[in-house]
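Chemist: What follows is coords_37.csv; its format and atoms are CSV, C-alpha atoms.
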```
chain,number,residue,atom,x,y,z
A,119,MET,CA,0.0,0.0,0.0
A,120,SER,CA,1.5,3.3,-1.1
A,121,LYS,CA,1.7,6.1,1.5
A,122,ILE,CA,1.6,8.6,-1.4
A,123,SER,CA,-1.8,9.8,-2.4
A,124,LYS,CA,-3.2,8.7,-5.8
A,125,ASP,CA,-3.4,12.3,-6.8
A,126,ASP,CA,0.3,12.8,-6.1
A,127,ILE,CA,1.2,9.6,-8.0
A,128,THR,CA,-0.7,10.9,-11.0
A,129,ARG,CA,0.8,14.3,-10.7
A,130,VAL,CA,4.4,13.1,-10.7
A,131,LYS,CA,3.7,10.5,-13.4
A,132,ALA,CA,3.1,13.5,-15.7
A,133,LEU,CA,6.6,14.6,-14.9
A,134,GLY,CA,8.1,11.2,-15.9
A,135,PHE,CA,8.1,9.5,-12.4
A,136,LEU,CA,6.4,6.1,-12.3
A,137,HIS,CA,5.6,4.6,-9.0
A,138,ASP,CA,7.5,1.5,-8.1
A,139,LYS,CA,4.7,-0.9,-7.1
A,140,ASN,CA,7.1,-2.8,-4.7
A,141,THR,CA,7.5,0.3,-2.5
A,142,GLU,CA,5.5,2.7,-0.5
A,143,ASP,CA,7.1,6.0,-1.7
A,144,LYS,CA,9.7,5.3,-4.4
A,145,PHE,CA,9.5,6.1,-8.1
A,146,ASN,CA,11.4,5.4,-11.3
A,147,ALA,CA,12.4,8.6,-13.2
A,148,ARG,CA,12.4,8.5,-17.0
A,149,VAL,CA,15.3,10.6,-18.4
A,150,ILE,CA,14.7,11.7,-22.0
A,151,THR,CA,17.5,10.9,-24.4
A,152,ARG,CA,16.1,12.9,-27.4
A,153,ASN,CA,17.1,10.3,-30.0
A,154,GLY,CA,18.3,7.3,-28.0
A,155,LYS,CA,21.8,8.7,-27.7
A,156,ILE,CA,23.6,10.6,-24.8
A,157,THR,CA,27.1,11.9,-24.3
A,158,ALA,CA,29.7,10.6,-21.9
A,159,ASP,CA,29.2,13.7,-19.7
A,160,GLU,CA,25.4,13.2,-19.7
A,161,CYS,CA,26.0,9.5,-18.7
A,162,LYS,CA,28.1,10.7,-15.8
A,163,VAL,CA,25.3,13.1,-14.7
A,164,ILE,CA,22.7,10.4,-14.8
A,165,ALA,CA,24.9,8.0,-12.9
A,166,GLU,CA,25.6,10.7,-10.3
A,167,ALA,CA,21.9,11.6,-10.0
A,168,SER,CA,21.1,7.9,-9.5
A,169,LYS,CA,23.5,7.7,-6.6
A,170,LYS,CA,22.5,11.0,-5.1
A,171,PHE,CA,18.7,10.8,-5.4
A,172,GLY,CA,17.8,7.2,-6.2
A,173,SER,CA,19.0,3.6,-5.5
A,174,GLY,CA,22.1,3.8,-7.6
A,175,GLU,CA,20.6,1.6,-10.3
A,176,ILE,CA,19.7,2.6,-13.9
A,177,SER,CA,17.6,0.7,-16.4
A,178,MET,CA,17.0,1.2,-20.1
A,179,THR,CA,13.4,1.4,-21.4
A,180,VAL,CA,12.3,-0.2,-24.7
A,181,ARG,CA,11.7,3.4,-26.0
A,182,MET,CA,15.3,4.5,-25.6
A,183,THR,CA,14.9,6.5,-22.4
A,184,MET,CA,16.9,5.8,-19.2
A,185,GLU,CA,15.2,5.2,-15.8
A,186,ILE,CA,16.8,6.2,-12.5
A,187,GLN,CA,15.4,3.6,-10.1
A,188,GLY,CA,14.2,4.0,-6.6
A,189,VAL,CA,13.7,7.7,-6.2
A,190,PRO,CA,12.0,8.6,-2.9
A,191,TYR,CA,9.0,11.0,-3.3
A,192,GLU,CA,10.8,13.8,-1.5
A,193,ASN,CA,13.8,13.6,-3.9
A,194,ILE,CA,11.7,14.2,-7.0
A,195,GLU,CA,12.0,18.0,-7.2
A,196,PRO,CA,15.8,18.0,-6.2
A,197,LEU,CA,16.4,15.4,-8.9
A,198,CYS,CA,14.6,17.4,-11.6
A,199,SER,CA,16.6,20.5,-10.6
A,200,PHE,CA,19.9,18.6,-10.7
A,201,LEU,CA,19.1,17.2,-14.2
A,202,ALA,CA,18.0,20.6,-15.5
A,203,GLU,CA,21.3,22.2,-14.4
A,204,ASN,CA,22.9,19.7,-16.8
A,205,ASN,CA,20.4,20.2,-19.7
A,206,LEU,CA,18.6,16.9,-19.0
A,207,GLU,CA,15.0,16.3,-18.2
A,208,THR,CA,12.4,13.7,-17.2
A,209,GLY,CA,9.1,13.1,-18.9
A,210,GLY,CA,7.7,10.8,-21.6
A,211,THR,CA,4.2,10.0,-20.3
A,212,GLY,CA,0.7,11.2,-21.0
A,213,LYS,CA,-1.7,11.6,-23.9
A,214,LYS,CA,0.7,13.5,-26.1
A,215,VAL,CA,3.7,13.1,-28.4
A,216,ARG,CA,6.0,10.6,-26.7
A,217,PRO,CA,9.9,10.6,-26.9
A,218,VAL,CA,11.1,9.5,-30.4
A,219,THR,CA,12.7,6.1,-30.8
A,220,SER,CA,15.6,5.9,-33.2
A,221,CYS,CA,17.8,3.1,-34.4
A,222,LYS,CA,21.6,3.7,-35.0
A,223,GLY,CA,21.1,4.1,-38.7
A,224,THR,CA,23.5,7.1,-38.7
A,225,THR,CA,26.4,4.8,-37.9
A,226,CYS,CA,25.1,1.4,-39.0
A,227,GLN,CA,26.5,-0.3,-42.1
A,228,PHE,CA,22.9,-0.7,-43.4
A,229,GLY,CA,21.7,2.8,-42.5
A,230,LEU,CA,20.3,4.8,-45.4
A,231,ILE,CA,19.5,8.0,-43.5
A,232,ASP,CA,20.9,10.1,-40.6
A,233,THR,CA,18.5,8.7,-38.0
A,234,TYR,CA,20.0,10.5,-35.0
A,235,SER,CA,19.8,13.9,-36.6
A,236,LEU,CA,16.2,13.4,-37.9
A,237,SER,CA,15.1,12.0,-34.6
A,238,LYS,CA,16.5,15.0,-32.7
A,239,GLU,CA,14.7,17.4,-35.1
A,240,ILE,CA,11.4,15.5,-34.5
A,241,HIS,CA,12.1,15.6,-30.8
A,242,GLU,CA,12.6,19.4,-30.8
A,243,LYS,CA,9.7,20.2,-33.1
A,244,PHE,CA,7.1,17.8,-31.7
A,245,TYR,CA,8.1,16.3,-28.4
A,246,LYS,CA,9.2,19.7,-27.1
A,247,GLY,CA,7.2,22.0,-29.5
A,248,TYR,CA,4.0,20.1,-28.9
A,249,GLU,CA,4.6,19.5,-25.2
A,250,LYS,CA,1.5,21.3,-24.1
A,251,VAL,CA,-0.7,19.9,-26.8
A,252,SER,CA,-3.1,17.2,-25.5
A,253,LEU,CA,-4.1,14.3,-27.9
A,254,PRO,CA,-6.8,11.6,-27.7
A,255,HIS,CA,-4.1,9.2,-26.6
A,256,LYS,CA,-0.3,8.7,-26.6
A,257,PHE,CA,1.4,9.2,-29.9
A,258,LYS,CA,4.6,7.3,-30.7
A,259,ILE,CA,7.1,8.0,-33.4
A,260,ALA,CA,10.0,5.7,-34.5
A,261,VAL,CA,12.8,6.4,-37.0
A,262,GLY,CA,14.5,3.4,-38.7
A,263,GLY,CA,17.5,3.7,-40.9
A,264,CYS,CA,16.6,0.8,-43.3
A,265,PRO,CA,14.0,-1.9,-43.9
A,266,ASN,CA,15.6,-4.1,-41.3
A,267,ASN,CA,13.0,-2.4,-39.0
A,268,CYS,CA,15.1,-2.7,-35.8
A,269,VAL,CA,12.9,-0.2,-34.0
A,270,LYS,CA,9.7,-1.6,-35.5
A,271,PRO,CA,8.5,1.6,-37.3
A,272,ASP,CA,5.4,-0.2,-38.5
A,273,LEU,CA,4.3,-0.8,-34.9
A,274,ASN,CA,4.3,3.0,-34.1
A,275,ASP,CA,1.7,5.6,-34.7
A,276,VAL,CA,4.1,7.1,-37.2
A,277,GLY,CA,7.1,5.2,-38.5
A,278,ILE,CA,9.8,6.5,-40.8
A,279,ILE,CA,12.2,4.2,-42.7
A,280,GLY,CA,15.2,5.1,-44.9
A,281,GLN,CA,14.8,4.0,-48.5
A,282,ARG,CA,17.1,3.6,-51.5
A,283,VAL,CA,15.0,3.1,-54.6
A,284,PRO,CA,17.0,1.6,-57.6
A,285,SER,CA,16.6,2.8,-61.1
A,286,VAL,CA,17.7,-0.2,-63.1
A,287,ASP,CA,19.3,-0.1,-66.5
A,288,ILE,CA,18.7,-3.6,-67.8
A,289,SER,CA,20.5,-2.8,-71.0
A,290,LYS,CA,23.8,-2.9,-69.1
A,291,CYS,CA,23.2,-6.4,-67.8
A,292,ARG,CA,25.7,-8.9,-69.3
A,293,GLY,CA,24.0,-12.0,-67.9
A,294,CYS,CA,26.9,-13.0,-65.7
A,295,LYS,CA,26.9,-16.7,-64.7
A,296,VAL,CA,27.2,-15.6,-61.1
A,297,CYS,CA,25.1,-12.5,-60.8
A,298,GLN,CA,26.2,-10.1,-58.0
A,299,ILE,CA,22.8,-8.5,-57.8
A,300,GLU,CA,21.1,-11.8,-57.3
A,301,LYS,CA,23.6,-12.7,-54.6
A,302,ALA,CA,23.2,-9.3,-52.8
A,303,CYS,CA,19.4,-9.2,-52.7
A,304,PRO,CA,18.4,-10.4,-49.2
A,305,ILE,CA,14.7,-10.8,-50.0
A,306,LYS,CA,15.3,-12.4,-53.5
A,307,VAL,CA,13.3,-10.0,-55.6
A,308,SER,CA,16.1,-9.9,-58.2
A,309,GLU,CA,17.1,-13.1,-60.1
A,310,LEU,CA,18.7,-14.1,-63.3
A,311,LYS,CA,16.2,-15.3,-65.9
A,312,ASP,CA,17.0,-16.2,-69.5
A,313,GLY,CA,20.4,-14.5,-69.3
A,314,LYS,CA,19.1,-11.2,-67.9
A,315,ILE,CA,18.5,-9.9,-64.4
A,316,SER,CA,14.8,-9.8,-63.5
A,317,TYR,CA,13.9,-7.2,-60.9
A,318,ASN,CA,10.5,-7.1,-59.2
A,319,ALA,CA,10.0,-3.4,-58.4
A,320,ASP,CA,6.7,-3.9,-56.6
A,321,ALA,CA,8.2,-6.5,-54.1
A,322,CYS,CA,11.5,-4.5,-53.5
A,323,ASN,CA,11.8,-3.1,-50.0
A,324,HIS,CA,14.4,-0.5,-51.1
A,325,CYS,CA,17.1,-1.7,-48.8
A,326,GLY,CA,20.0,-0.6,-51.1
A,327,ARG,CA,22.0,-3.8,-50.7
A,328,CYS,CA,22.4,-4.0,-54.5
A,329,PHE,CA,23.9,-0.5,-54.8
A,330,ASN,CA,27.2,-0.7,-56.8
A,331,LYS,CA,27.2,-4.5,-56.8
A,332,CYS,CA,26.9,-4.9,-60.5
A,333,PRO,CA,30.3,-4.6,-62.2
A,334,PHE,CA,28.7,-3.3,-65.3
A,335,LYS,CA,26.7,-0.6,-63.4
A,336,ALA,CA,23.2,-1.8,-64.2
A,337,PHE,CA,22.2,-1.0,-60.6
A,338,ASP,CA,24.2,2.2,-59.9
A,339,ASN,CA,21.4,4.7,-60.1
A,340,TYR,CA,19.3,5.3,-57.0
A,341,THR,CA,16.9,7.7,-55.4
A,342,ASN,CA,17.3,8.1,-51.7
A,343,GLY,CA,14.1,8.8,-49.7
A,344,TYR,CA,11.8,7.9,-46.8
A,345,ARG,CA,8.9,5.5,-46.4
A,346,ILE,CA,6.3,6.7,-43.9
A,347,TYR,CA,4.0,4.3,-42.0
A,348,ILE,CA,0.9,5.4,-40.1
A,349,GLY,CA,-1.4,3.7,-37.7
A,350,GLY,CA,0.8,1.1,-36.0
A,351,ARG,CA,0.6,0.1,-32.4
A,352,TRP,CA,2.0,-2.5,-30.0
A,353,GLY,CA,0.7,-3.5,-26.6
A,354,LYS,CA,-2.6,-5.0,-25.4
A,355,GLN,CA,-3.9,-4.7,-28.9
A,356,VAL,CA,-1.6,-4.8,-32.0
A,357,ALA,CA,-2.0,-3.1,-35.3
A,358,ARG,CA,0.4,-3.1,-38.2
A,359,ALA,CA,0.8,0.2,-39.8
A,360,LYS,CA,0.3,0.8,-43.6
A,361,TYR,CA,2.7,2.9,-45.5
A,362,ILE,CA,1.9,6.0,-47.6
A,363,SER,CA,2.1,5.0,-51.2
A,364,LYS,CA,4.5,7.8,-52.1
A,365,ILE,CA,8.2,7.6,-51.3
A,366,ILE,CA,9.0,11.0,-49.6
A,367,LEU,CA,12.2,12.5,-51.1
A,368,SER,CA,13.0,15.3,-48.7
A,369,ARG,CA,13.5,15.5,-45.0
A,370,GLU,CA,11.4,18.8,-44.9
A,371,GLU,CA,8.5,16.9,-46.4
A,372,VAL,CA,8.9,14.1,-43.8
A,373,ILE,CA,8.7,16.7,-41.0
A,374,LYS,CA,5.6,18.2,-42.5
A,375,ILE,CA,3.9,14.8,-42.7
A,376,VAL,CA,4.7,14.0,-39.1
A,377,GLU,CA,3.1,17.3,-38.1
A,378,LYS,CA,0.1,16.7,-40.3
A,379,ALA,CA,-0.4,13.2,-38.7
A,380,ILE,CA,-0.4,14.8,-35.2
A,381,LEU,CA,-2.9,17.4,-36.3
A,382,LEU,CA,-5.0,14.8,-38.0
A,383,PHE,CA,-5.1,12.7,-34.8
A,384,ARG,CA,-6.0,15.7,-32.7
A,385,GLU,CA,-8.8,16.8,-35.1
A,386,GLN,CA,-10.3,13.4,-36.0
A,387,GLY,CA,-9.4,11.3,-33.0
A,388,ILE,CA,-11.8,10.5,-30.2
A,389,PHE,CA,-10.6,10.7,-26.6
A,390,GLY,CA,-9.2,7.4,-25.5
A,391,GLU,CA,-8.6,5.9,-28.9
A,392,ARG,CA,-5.2,5.3,-30.6
A,393,PHE,CA,-4.3,6.7,-34.0
A,394,SER,CA,-4.7,3.2,-35.5
A,395,ASP,CA,-8.4,3.3,-34.4
A,396,THR,CA,-8.8,6.8,-35.9
A,397,ILE,CA,-7.4,5.7,-39.2
A,398,ALA,CA,-9.5,2.5,-39.3
A,399,ARG,CA,-12.6,4.6,-38.6
A,400,ILE,CA,-12.0,7.4,-41.2
A,401,GLY,CA,-10.3,5.1,-43.7
A,402,PHE,CA,-6.7,4.8,-44.7
A,403,GLU,CA,-7.3,6.4,-48.1
A,404,ASN,CA,-8.8,9.4,-46.5
A,405,ALA,CA,-6.0,9.7,-44.0
A,406,GLU,CA,-3.4,9.4,-46.7
A,407,LYS,CA,-5.1,12.0,-48.8
A,408,MET,CA,-5.0,14.5,-45.9
A,409,LEU,CA,-1.4,13.7,-45.1
A,410,LEU,CA,-0.3,14.4,-48.7
A,411,SER,CA,-2.2,17.7,-48.8
A,412,ASP,CA,-1.3,20.9,-47.0
A,413,GLU,CA,-4.9,21.7,-46.2
A,414,ILE,CA,-4.7,20.5,-42.6
A,415,LEU,CA,-1.6,22.6,-42.0
A,416,GLN,CA,-3.6,25.7,-43.0
A,417,ARG,CA,-6.0,24.9,-40.2
A,418,LYS,CA,-3.3,24.3,-37.6
A,419,GLU,CA,-4.2,27.0,-35.2
A,420,GLN,CA,-7.9,26.1,-35.3
A,421,ILE,CA,-7.1,22.4,-34.6
A,422,LEU,CA,-4.8,23.2,-31.7
A,423,ALA,CA,-7.4,25.4,-30.2
A,424,MET,CA,-10.3,22.9,-30.4
A,425,ASP,CA,-11.5,20.5,-27.8
A,426,ILE,CA,-10.8,16.8,-28.3
A,427,LYS,CA,-13.9,14.9,-29.3
A,428,LYS,CA,-15.4,12.8,-26.5
A,429,SER,CA,-17.4,10.5,-28.7
```
Take the structure in this file and express it as structure tokens.
Modeler:
Amino acid sequence: MSKISKDDITRVKALGFLHDKNTEDKFNARVITRNGKITADECKVIAEASKKFGSGEISMTVRMTMEIQGVPYENIEPLCSFLAENNLETGGTGKKVRPVTSCKGTTCQFGLIDTYSLSKEIHEKFYKGYEKVSLPHKFKIAVGGCPNNCVKPDLNDVGIIGQRVPSVDISKCRGCKVCQIEKACPIKVSELKDGKISYNADACNHCGRCFNKCPFKAFDNYTNGYRIYIGGRWGKQVARAKYISKIILSREEVIKIVEKAILLFREQGIFGERFSDTIARIGFENAEKMLLSDEILQRKEQILAMDIKKS
């Protein structure tokens, strides 16, 4: 039985402090990492804070935040002040945009985009910029560097995946007995048939593994971009997101679509439902149409000022 009131437990949860059910008055503090990465100096600060205000133990969450364990209720405000002095903060709960999850695509051999930089920009614009904006439910964003899907972008409300779309010049194919493109393709959508490479563009996941593999340069031309998934969720109920049919070619457009998705959820969502439910109710085609148009951005201030639908 907790000796802290339910109201106080709810109040500090909004600050990123989750009650440890095994204790009467201790909490686990979620420290936001912005994009799943911290500096060595920040790591030292978090370790010092854990010793000074908590149990001395730190755990990692599945959404790339760090939890300082065993913080007594009376240490919550001193801990927040200590972290703030070092440009760190707690948070990450509530019916609003949640901290961004990012894979290490920036440094990974398979990464096609700068995931750390993009995730940090999304963090600043939407986790921080929309901090006071209430939504019908939590809203999770994941950024993946390639179709390996390590951070499960298609199980988030919005998922972004780096893409490398090949522009194949079949005329350059020499029909090599051992085709390097066929060997390189991890999902086997390219294969040698009748002395020529056969490439199934519809089945290709744009992983870029075939880039520069053909010695005769049949697969040397590519367009880099982003695939955006909407309406995924993971938890008590699971929904696989569907991707927008258009490959997005610029980072600026990606940022705009993320903002439009948040605004769409705020306008069309019903209190208590997830974005996947909203999309299922209004139809994916309608949602996609709104995300590919700028009309919803033109009503941004009106949408932010409105009350969330109760039913």
Chemist: Residues of segment 321-406 of chain A that approach segment 230-253 of chain A to 10 Å or less, counting all atoms listed in the file: could you list each one with the shortest pair of atoms and its distance in Å to one decimal, rows by chain and increasing residue number, as a Markdown table?
Modeler:
```
| residue | atom | partner | partner_atom | distance |
| --- | --- | --- | --- | --- |
| A:His324 | CA | A:Leu230 | CA | 9.8 |
| A:Cys325 | CA | A:Leu230 | CA | 8.0 |
| A:Gly326 | CA | A:Leu230 | CA | 7.9 |
| A:Asn342 | CA | A:Leu230 | CA | 7.7 |
| A:Gly343 | CA | A:Ile231 | CA | 8.3 |
| A:Tyr344 | CA | A:Ile231 | CA | 8.4 |
| A:Arg369 | CA | A:Leu236 | CA | 7.9 |
| A:Val372 | CA | A:Leu236 | CA | 9.4 |
| A:Ile373 | CA | A:Ile240 | CA | 7.1 |
| A:Val376 | CA | A:Ile240 | CA | 8.3 |
| A:Glu377 | CA | A:Phe244 | CA | 7.6 |
| A:Ile380 | CA | A:Leu253 | CA | 8.2 |
| A:Leu381 | CA | A:Leu253 | CA | 9.0 |
| A:Phe383 | CA | A:Leu253 | CA | 7.2 |
| A:Arg384 | CA | A:Leu253 | CA | 5.3 |
| A:Glu385 | CA | A:Leu253 | CA | 9.0 |
| A:Gly387 | CA | A:Leu253 | CA | 7.9 |
| A:Ile388 | CA | A:Leu253 | CA | 8.9 |
| A:Phe389 | CA | A:Leu253 | CA | 7.5 |
| A:Gly390 | CA | A:Leu253 | CA | 8.9 |
| A:Glu391 | CA | A:Leu253 | CA | 9.6 |
| A:Arg392 | CA | A:Leu253 | CA | 9.5 |
| A:Phe393 | CA | A:Leu253 | CA | 9.7 |
```
Chemist: Please return the centre and edge lengths, in Å to one decimal, of a box with edges along x, y and z that contains all listed atoms of segment 318-329 of chain A, widened by 5 Å on every side, as lines of an AutoDock Vina configuration file.
Modeler:
```
center_x = 15.3
center_y = -3.8
center_z = -54.0
size_x = 27.2
size_y = 16.6
size_z = 20.4
```
Chemist: Residues near segment 394-404 of chain A, anyone? I mean within 9 Å using all atoms listed in the file, not counting same-chain ones fewer than 3 positions away, as a VMD selection string.
Modeler: chain A and resid 275 348 to 351 357 to 360 383 386 to 388 391 407 to 409
Chemist: Convert the current residue selection to file output with C-alpha atoms, as a CSV table (one decimal), in the frame of the given file.
Modeler:
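Writing done, so here's part-v7.csv:
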```csv
chain,number,residue,atom,x,y,z
A,275,ASP,CA,1.7,5.6,-34.7
A,348,ILE,CA,0.9,5.4,-40.1
A,349,GLY,CA,-1.4,3.7,-37.7
A,350,GLY,CA,0.8,1.1,-36.0
A,351,ARG,CA,0.6,0.1,-32.4
A,357,ALA,CA,-2.0,-3.1,-35.3
A,358,ARG,CA,0.4,-3.1,-38.2
A,359,ALA,CA,0.8,0.2,-39.8
A,360,LYS,CA,0.3,0.8,-43.6
A,383,PHE,CA,-5.1,12.7,-34.8
A,386,GLN,CA,-10.3,13.4,-36.0
A,387,GLY,CA,-9.4,11.3,-33.0
A,388,ILE,CA,-11.8,10.5,-30.2
A,391,GLU,CA,-8.6,5.9,-28.9
A,407,LYS,CA,-5.1,12.0,-48.8
A,408,MET,CA,-5.0,14.5,-45.9
A,409,LEU,CA,-1.4,13.7,-45.1
```
Chemist: One decimal, in Å: what's the spacing between atom CA of Gly280 of chain A and atom CA of Gln355 of chain A?
Modeler: 26.8 Å
Chemist: Extract, using all atoms listed in the file, all DNA, RNA and protein residues at most 7 Å from Val218 of chain A, discarding same-chain residues fewer than 3 positions from it, and format them as a list in words.
Modeler: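 The filter keeps Arg152, Asn153, Ser237, His241, Lys258, Ile259 and Ala260 of chain A.
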Chemist: Any idea what the distance is between atom CA of Cys328 of chain A and atom CA of Lys301 of chain A?
Modeler: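 These atoms are spaced 8.8 Å apart.
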Chemist: One decimal, Å: what's the distance from atom CA of Thr208 of chain A over to atom CA of Arg148 of chain A, could you say?
Modeler: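 Straight-line distance from atom CA of Thr208 of chain A to atom CA of Arg148 of chain A works out to 5.2 Å.
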Chemist: Anything within 7 Å of (7.2, 8.1, -40.9): list those residues as a short mmCIF file (atom, residue, chain, number, x, y, z; two decimals) with C-alpha atoms, in the coordinates of the input, counting only C-alpha atoms and sticking to the file's coordinates.
Modeler:
```cif
data_model
loop_
_atom_site.label_atom_id
_atom_site.label_comp_id
_atom_site.auth_asym_id
_atom_site.auth_seq_id
_atom_site.Cartn_x
_atom_site.Cartn_y
_atom_site.Cartn_z
CA VAL A 276 4.10 7.10 -37.20
CA GLY A 277 7.10 5.20 -38.50
CA ILE A 278 9.80 6.50 -40.80
CA ILE A 279 12.20 4.20 -42.70
CA ARG A 345 8.90 5.50 -46.40
CA ILE A 346 6.30 6.70 -43.90
CA TYR A 347 4.00 4.30 -42.00
CA ILE A 348 0.90 5.40 -40.10
CA VAL A 372 8.90 14.10 -43.80
CA VAL A 376 4.70 14.00 -39.10
#
```
Chemist: Find, counting all atoms listed in the file, the residue in A:Leu197, A:Phe329, A:Thr183, A:Tyr191 that gets nearest to Lys170 of chain A.
Modeler: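 Going through A:Leu197, A:Phe329, A:Thr183, A:Tyr191 one by one, the smallest distance to Lys170 of chain A is for A:Leu197.
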Chemist: Taking (0.4, 13.1, -46.9) as a centre in this file's frame and 9 Å as the limit, can you find every polymer residue with an atom that close, using only C-alpha atoms, and give them as a PyMOL selection string?
Modeler: chain A and resi 362+364+371+374-376+378-379+405-412
Chemist: For Ile150 of chain A, which residue out of A:Arg216, A:Lys256, A:Lys290, A:Arg129 is the nearest one, using all atoms listed in the file?
Modeler: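 Looking at the shortest contact to Ile150 of chain A, the residue is A:Arg216.
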Chemist: Segment 292-294 of chain A: which residues within 8 Å, counting all atoms listed in the file, same-chain residues fewer than 5 positions away excluded, as a PyMOL selection string?
Modeler: chain A and resi 310+313-315+334
Chemist: Pick out the closest residue to Ile186 of chain A from this set: A:Val283, A:Cys161, A:Ile365, A:Met424. Count all atoms listed in the file.
Modeler: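 Closest to Ile186 of chain A, using all atoms listed in the file: A:Cys161.
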Chemist: From the options A:Asn267, A:Thr341, A:Val296, A:Pro284, which residue's atoms come nearest to Ile366 of chain A, counting only C-alpha atoms?
Modeler: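 Among A:Asn267, A:Thr341, A:Val296, A:Pro284, it is A:Thr341 that comes nearest to Ile366 of chain A.
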Chemist: Between A:Asp338, A:Glu185, A:Glu309, A:Asp138, single out the one closest to Val286 of chain A, counting all atoms listed in the file.
Modeler: A:Asp338
Chemist: Could you pull the residues within 7 Å of Gly188 of chain A, counting only C-alpha atoms, minus those fewer than 6 positions along the same chain, as a list in words?
Modeler: Lys144, Phe145, Asn146, Gly172 and Ser173 of chain A
Chemist: With C-alpha atoms kept, could you save the residues just selected as a PDB file, keeping the file's coordinate frame?
Modeler:
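To be explicit, this is the file written out as again12.pdb:
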```pdb
ATOM      1  CA  LYS A 144       9.700   5.300  -4.400  1.00  0.00           C
ATOM      2  CA  PHE A 145       9.500   6.100  -8.100  1.00  0.00           C
ATOM      3  CA  ASN A 146      11.400   5.400 -11.300  1.00  0.00           C
ATOM      4  CA  GLY A 172      17.800   7.200  -6.200  1.00  0.00           C
ATOM      5  CA  SER A 173      19.000   3.600  -5.500  1.00  0.00           C
TER       6      SER A 173
END
```
Chemist: Could you tell me which of A:Val269, A:Ile122, A:Cys322, A:Ile414 comes closest to Arg282 of chain A if we count only C-alpha atoms?
Modeler: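 Going through A:Val269, A:Ile122, A:Cys322, A:Ile414 one by one, the smallest distance to Arg282 of chain A is for A:Cys322.
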Chemist: Please provide the set of residues having any atom within 10 Å of Asn205 of chain A, restricted to only C-alpha atoms, with same-chain residues fewer than 5 positions apart removed, written as a ChimeraX atom specification.
Modeler: /A:160,163,199-200
